[in-house]
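Structure, as structure tokens:
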Amino acid sequence: MRLMTFAEDASPNFSKLSLSLATTPKEVREVQRLRYKVFVEAMGLSALANADGLDQDEFDAYCDHLIVRDTRSLKVVGTYRILSPGAIEKTGGFYSEKEFDLSRLSNLRKRITEAGRACIHPDYRSGGVIMMLWAGIAACMRKEKTEYLIGCASVSLADGGNTINSLFRKMAADHLAPNEYRVIPHLPFPLHEDAISGNYPTPPLIKGYLRSGAWIGGEPAWDPDFHSADLFMMLPLARLESRYARHYLKESESV
């Protein structure tokens with residue numbers, strides 16, 4: 001099911017991108033193959049390697065999978081998976097609950113959409129793909145009539161944790177969620193006051209969340225499997241006030 005098309009200058013050639021929802025097992029496997037290449041092979045996570053070359057878990061069967069495809073090569077170049085309130089009854093909970101205690105959000109569960117496993121091919125990270133994925137998420141939320149978007153955003157620990165220490169201190173000053181929306185990591189990542197400070201770049205996914213008005217739900221969780229520190233992100237639709245966010249919503253109105 002195609003949702004929209006978009007043209008951008010994607011290196012090395014001009015490309016036309018299309019956004020759709022996976023409708024067949026084959027398309028889901030394409031998504032899982034891209035995730036494997038980005039999450040496992042590119043990051044060198046040999047502990048997660050498998051003969052199938054697929055990144056998959058028990059949530060995939062119950063999620064909608066957004067696909068951005070290069071219409072010239074037909075390859076999948078971006079994906080995001082979406083867990084709707086109705087699917088929560090089948091999974092038994094959000095993926096985020098594997099890493100965080102979401103008890104304070106219990107009264108909001110039926111009004112929440114969860115997005116996760118954001119993945120973009122390295123050759124297509126100029127902005128168009130993530131823009132389309134956000135538009136797709138907005139469209140799905142409108143369809144489900146949900147009011148909050150949640151998800152986990154990862155920061156690599158390849159530098160020993162300097163990036164997450166520095167970024168969290170900066171982001172916590174302006175973007176921490178109100179107390180009633182705070183979550184608690186099951187396995188907290190140890191933050192250090194004496195960590196090396198510096199001008200570390202904010203990962204694109206987190207930057208997109210924050211520009212759209214998202215909150216950070218609290219201190220990061222430690223994900224040993226992916227060698228990352230994960231932040232819980234929460235985005236009320238009512239806070240989509242920036243130009244960046246309004247663009248997503250404008251795109252979603254055309255689907």
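Labeling convention for the structure tokens: chains A, B, ... as they appear, residues from 1 per chain, ligands from 1 in order of appearance.
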>> So that I can see what lies close to segment 221-224 of chain A, please list as an MDAnalysis selection string the residues with an atom at most 12 Å from it, counting only C-alpha atoms and leaving out residues fewer than 3 positions away in the same chain.
In response: chainID A and resid 45 47:48 96:101 152:158 161 164 168 183:191 216:218 227:233
Export C-alpha atoms of the chosen residues as a PDB file, in the first residue's frame?
```pdb
ATOM      1  CA  LEU A  45      27.744  -6.711  16.688  1.00  0.00           C
ATOM      2  CA  ALA A  47      26.947 -11.559  19.093  1.00  0.00           C
ATOM      3  CA  LEU A  48      23.740 -10.798  17.155  1.00  0.00           C
ATOM      4  CA  SER A  96      10.023   0.080  25.476  1.00  0.00           C
ATOM      5  CA  GLU A  97       8.872  -1.843  28.542  1.00  0.00           C
ATOM      6  CA  LYS A  98      11.748  -4.253  28.016  1.00  0.00           C
ATOM      7  CA  GLU A  99      14.032  -1.369  28.999  1.00  0.00           C
ATOM      8  CA  PHE A 100      11.895   1.003  31.072  1.00  0.00           C
ATOM      9  CA  ASP A 101       9.237   0.930  33.783  1.00  0.00           C
ATOM     10  CA  CYS A 152      13.599   4.408  22.304  1.00  0.00           C
ATOM     11  CA  ALA A 153      16.465   6.316  20.700  1.00  0.00           C
ATOM     12  CA  SER A 154      19.959   4.883  20.924  1.00  0.00           C
ATOM     13  CA  VAL A 155      23.346   6.481  21.455  1.00  0.00           C
ATOM     14  CA  SER A 156      26.380   4.337  20.659  1.00  0.00           C
ATOM     15  CA  LEU A 157      28.800   3.545  23.473  1.00  0.00           C
ATOM     16  CA  ALA A 158      31.707   3.031  21.076  1.00  0.00           C
ATOM     17  CA  GLY A 161      30.028   6.675  26.974  1.00  0.00           C
ATOM     18  CA  ILE A 164      25.691  10.007  26.058  1.00  0.00           C
ATOM     19  CA  PHE A 168      22.186  13.903  28.385  1.00  0.00           C
ATOM     20  CA  VAL A 183      10.050   6.496  33.273  1.00  0.00           C
ATOM     21  CA  ILE A 184      12.671   4.432  35.090  1.00  0.00           C
ATOM     22  CA  PRO A 185      15.273   2.283  33.283  1.00  0.00           C
ATOM     23  CA  HIS A 186      15.413  -1.355  34.347  1.00  0.00           C
ATOM     24  CA  LEU A 187      19.171  -1.366  33.739  1.00  0.00           C
ATOM     25  CA  PRO A 188      20.368   2.224  34.111  1.00  0.00           C
ATOM     26  CA  PHE A 189      23.417   3.362  32.195  1.00  0.00           C
ATOM     27  CA  PRO A 190      25.831   4.857  34.743  1.00  0.00           C
ATOM     28  CA  LEU A 191      26.231   8.554  34.031  1.00  0.00           C
ATOM     29  CA  ILE A 216      13.220  12.741  27.273  1.00  0.00           C
ATOM     30  CA  GLY A 217      11.552  10.429  29.763  1.00  0.00           C
ATOM     31  CA  GLY A 218      14.467  10.266  32.187  1.00  0.00           C
ATOM     32  CA  HIS A 227      26.234  -1.680  22.946  1.00  0.00           C
ATOM     33  CA  SER A 228      24.175   1.480  23.338  1.00  0.00           C
ATOM     34  CA  ALA A 229      22.534   3.765  25.861  1.00  0.00           C
ATOM     35  CA  ASP A 230      18.827   4.171  25.083  1.00  0.00           C
ATOM     36  CA  LEU A 231      16.714   7.228  25.824  1.00  0.00           C
ATOM     37  CA  PHE A 232      12.948   7.005  26.237  1.00  0.00           C
ATOM     38  CA  MET A 233      11.338   9.616  23.996  1.00  0.00           C
TER      39      MET A 233
END
```
Using only C-alpha atoms, I'd like a table of the residues in segment 92-162 of chain A that come within 6 Å of segment 61-82 of chain A; for each, show the closest atom pair and its distance in Å rounded to one decimal, ordered by chain and ascending number, as a Markdown table.
```
| residue | atom | partner | partner_atom | distance |
| --- | --- | --- | --- | --- |
| A:Glu114 | CA | A:Ile82 | CA | 5.7 |
| A:Ala115 | CA | A:Ile82 | CA | 4.6 |
| A:Gly116 | CA | A:Arg81 | CA | 5.4 |
| A:Arg117 | CA | A:Tyr80 | CA | 5.7 |
| A:Ala118 | CA | A:Tyr80 | CA | 4.5 |
| A:Cys119 | CA | A:Thr79 | CA | 5.4 |
| A:Ile120 | CA | A:Gly78 | CA | 4.2 |
| A:His121 | CA | A:Val77 | CA | 5.0 |
```
Segment 121-193 of chain A: which residues are helix (DSSP H, G or I) by DSSP, as a compact mmCIF listing (two decimals) with N, CA and C atoms, in the first residue's frame?
```
# COMPACT_ATOMS: atom_id res chain seq x y z
N PRO A 122 22.89 3.91 4.80
CA PRO A 122 23.90 4.98 4.89
C PRO A 122 23.95 5.92 3.69
N ASP A 123 23.58 5.45 2.49
CA ASP A 123 23.64 6.29 1.29
C ASP A 123 22.45 7.23 1.16
N TYR A 124 21.48 7.16 2.09
CA TYR A 124 20.24 7.92 1.95
C TYR A 124 19.92 8.72 3.21
N GLY A 128 15.60 13.30 3.29
CA GLY A 128 14.33 12.96 2.67
C GLY A 128 13.69 11.71 3.24
N VAL A 129 14.49 10.70 3.55
CA VAL A 129 13.95 9.43 4.03
C VAL A 129 13.32 9.59 5.41
N ILE A 130 14.03 10.22 6.33
CA ILE A 130 13.47 10.38 7.68
C ILE A 130 12.24 11.27 7.63
N MET A 131 12.23 12.24 6.71
CA MET A 131 11.07 13.11 6.56
C MET A 131 9.83 12.29 6.17
N MET A 132 10.02 11.37 5.24
CA MET A 132 8.92 10.53 4.80
C MET A 132 8.46 9.59 5.90
N LEU A 133 9.40 9.04 6.65
CA LEU A 133 9.03 8.13 7.73
C LEU A 133 8.22 8.84 8.81
N TRP A 134 8.62 10.08 9.14
CA TRP A 134 7.86 10.84 10.13
C TRP A 134 6.46 11.15 9.62
N ALA A 135 6.35 11.46 8.33
CA ALA A 135 5.03 11.70 7.75
C ALA A 135 4.16 10.46 7.85
N GLY A 136 4.76 9.29 7.62
CA GLY A 136 4.03 8.04 7.73
C GLY A 136 3.56 7.77 9.14
N ILE A 137 4.41 8.07 10.12
CA ILE A 137 4.03 7.89 11.52
C ILE A 137 2.85 8.79 11.87
N ALA A 138 2.94 10.05 11.44
CA ALA A 138 1.86 10.99 11.72
C ALA A 138 0.54 10.50 11.12
N ALA A 139 0.61 9.95 9.90
CA ALA A 139 -0.59 9.44 9.26
C ALA A 139 -1.18 8.27 10.03
N CYS A 140 -0.32 7.37 10.50
CA CYS A 140 -0.79 6.22 11.26
C CYS A 140 -1.42 6.65 12.59
N MET A 141 -0.85 7.67 13.22
CA MET A 141 -1.40 8.15 14.49
C MET A 141 -2.76 8.78 14.28
N ARG A 142 -2.91 9.49 13.19
CA ARG A 142 -4.21 10.09 12.90
C ARG A 142 -5.25 8.99 12.67
N LYS A 143 -4.86 7.95 11.95
CA LYS A 143 -5.78 6.85 11.69
C LYS A 143 -6.20 6.17 12.98
N GLU A 144 -5.27 5.97 13.90
CA GLU A 144 -5.55 5.29 15.16
C GLU A 144 -6.13 6.23 16.22
N ASN A 162 31.18 8.75 26.45
CA ASN A 162 31.36 10.21 26.51
C ASN A 162 30.21 10.95 25.84
N THR A 163 29.76 10.43 24.71
CA THR A 163 28.69 11.11 23.98
C THR A 163 27.40 11.16 24.79
N ILE A 164 26.96 10.02 25.32
CA ILE A 164 25.69 10.01 26.06
C ILE A 164 25.79 10.85 27.32
N ASN A 165 26.94 10.84 27.99
CA ASN A 165 27.11 11.66 29.18
C ASN A 165 26.98 13.14 28.86
N SER A 166 27.65 13.56 27.79
CA SER A 166 27.61 14.96 27.41
C SER A 166 26.23 15.37 26.91
N LEU A 167 25.64 14.55 26.01
CA LEU A 167 24.34 14.89 25.44
C LEU A 167 23.24 14.91 26.49
N PHE A 168 23.27 13.95 27.40
CA PHE A 168 22.19 13.90 28.38
C PHE A 168 22.20 15.14 29.27
N ARG A 169 23.40 15.58 29.68
CA ARG A 169 23.47 16.77 30.52
C ARG A 169 22.88 17.98 29.80
N LYS A 170 23.18 18.10 28.50
CA LYS A 170 22.67 19.23 27.73
C LYS A 170 21.16 19.13 27.51
N MET A 171 20.69 17.94 27.13
CA MET A 171 19.28 17.77 26.81
C MET A 171 18.39 17.81 28.04
N ALA A 172 18.90 17.32 29.15
CA ALA A 172 18.08 17.28 30.37
C ALA A 172 17.71 18.68 30.84
N ALA A 173 18.53 19.66 30.51
CA ALA A 173 18.25 21.03 30.95
C ALA A 173 16.98 21.60 30.33
N ASP A 174 16.66 21.17 29.11
CA ASP A 174 15.52 21.76 28.40
C ASP A 174 14.44 20.78 27.98
N HIS A 175 14.74 19.49 28.00
CA HIS A 175 13.82 18.55 27.36
C HIS A 175 13.32 17.41 28.25
N ASN A 179 7.32 15.41 35.64
CA ASN A 179 7.45 14.27 36.55
C ASN A 179 6.41 13.19 36.31
N GLU A 180 5.18 13.59 35.96
CA GLU A 180 4.12 12.59 35.80
C GLU A 180 4.32 11.70 34.58
N TYR A 181 5.27 12.06 33.70
CA TYR A 181 5.55 11.24 32.52
C TYR A 181 6.92 10.58 32.58
```
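Straight-line separation from atom CA of Val31 of chain A to atom CA of Ala51 of chain A: 16.3 Å.
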>> Just list as an MDAnalysis selection string whatever in segment 79-110 of chain A DSSP marks as strand (DSSP E or B).
In response: chainID A and resid 79:83 100:101
So that I can check the surroundings of Val40 of chain A, please list as a short mmCIF file (atom, residue, chain, number, x, y, z; two decimals) with N, CA and C atoms, in the first residue's frame every protein, DNA and RNA residue that reaches within 10 Å of it, counting only C-alpha atoms and ignoring chain neighbours fewer than 5 positions away.
```cif
data_model
loop_
_atom_site.label_atom_id
_atom_site.label_comp_id
_atom_site.auth_asym_id
_atom_site.auth_seq_id
_atom_site.Cartn_x
_atom_site.Cartn_y
_atom_site.Cartn_z
N LEU A 34 17.49 -5.00 5.89
CA LEU A 34 18.11 -3.68 6.01
C LEU A 34 18.51 -3.42 7.46
N ARG A 35 17.63 -3.74 8.39
CA ARG A 35 17.97 -3.54 9.80
C ARG A 35 19.20 -4.34 10.19
N LEU A 45 28.29 -6.01 15.53
CA LEU A 45 27.74 -6.71 16.69
C LEU A 45 27.69 -8.20 16.39
N SER A 46 28.84 -8.85 16.48
CA SER A 46 28.95 -10.26 16.12
C SER A 46 28.08 -11.16 16.99
N ALA A 47 27.78 -10.74 18.20
CA ALA A 47 26.95 -11.56 19.09
C ALA A 47 25.52 -11.69 18.57
N LEU A 48 25.09 -10.77 17.70
CA LEU A 48 23.74 -10.80 17.15
C LEU A 48 23.70 -11.36 15.73
N ALA A 49 24.84 -11.81 15.24
CA ALA A 49 24.90 -12.33 13.88
C ALA A 49 24.10 -13.62 13.76
N ASN A 50 23.49 -13.81 12.60
CA ASN A 50 22.76 -15.06 12.34
C ASN A 50 22.85 -15.40 10.87
N GLY A 53 20.64 -13.50 8.19
CA GLY A 53 20.92 -12.11 7.86
C GLY A 53 19.72 -11.21 8.08
N LEU A 54 18.93 -11.53 9.12
CA LEU A 54 17.72 -10.77 9.43
C LEU A 54 17.74 -10.30 10.88
N ASP A 55 17.35 -9.05 11.09
CA ASP A 55 17.13 -8.53 12.44
C ASP A 55 15.63 -8.66 12.71
N PHE A 226 23.11 -4.23 22.00
CA PHE A 226 23.42 -3.31 20.91
C PHE A 226 24.53 -2.33 21.29
#
```
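Our summary of the geometry notes that atom CA of Asp225 of chain A is positioned 24.8 Å from atom CA of Lys90 of chain A.
The interatomic distance for the pair atom CA of Pro236 of chain A and atom CA of Thr91 of chain A works out to 22.9 Å.
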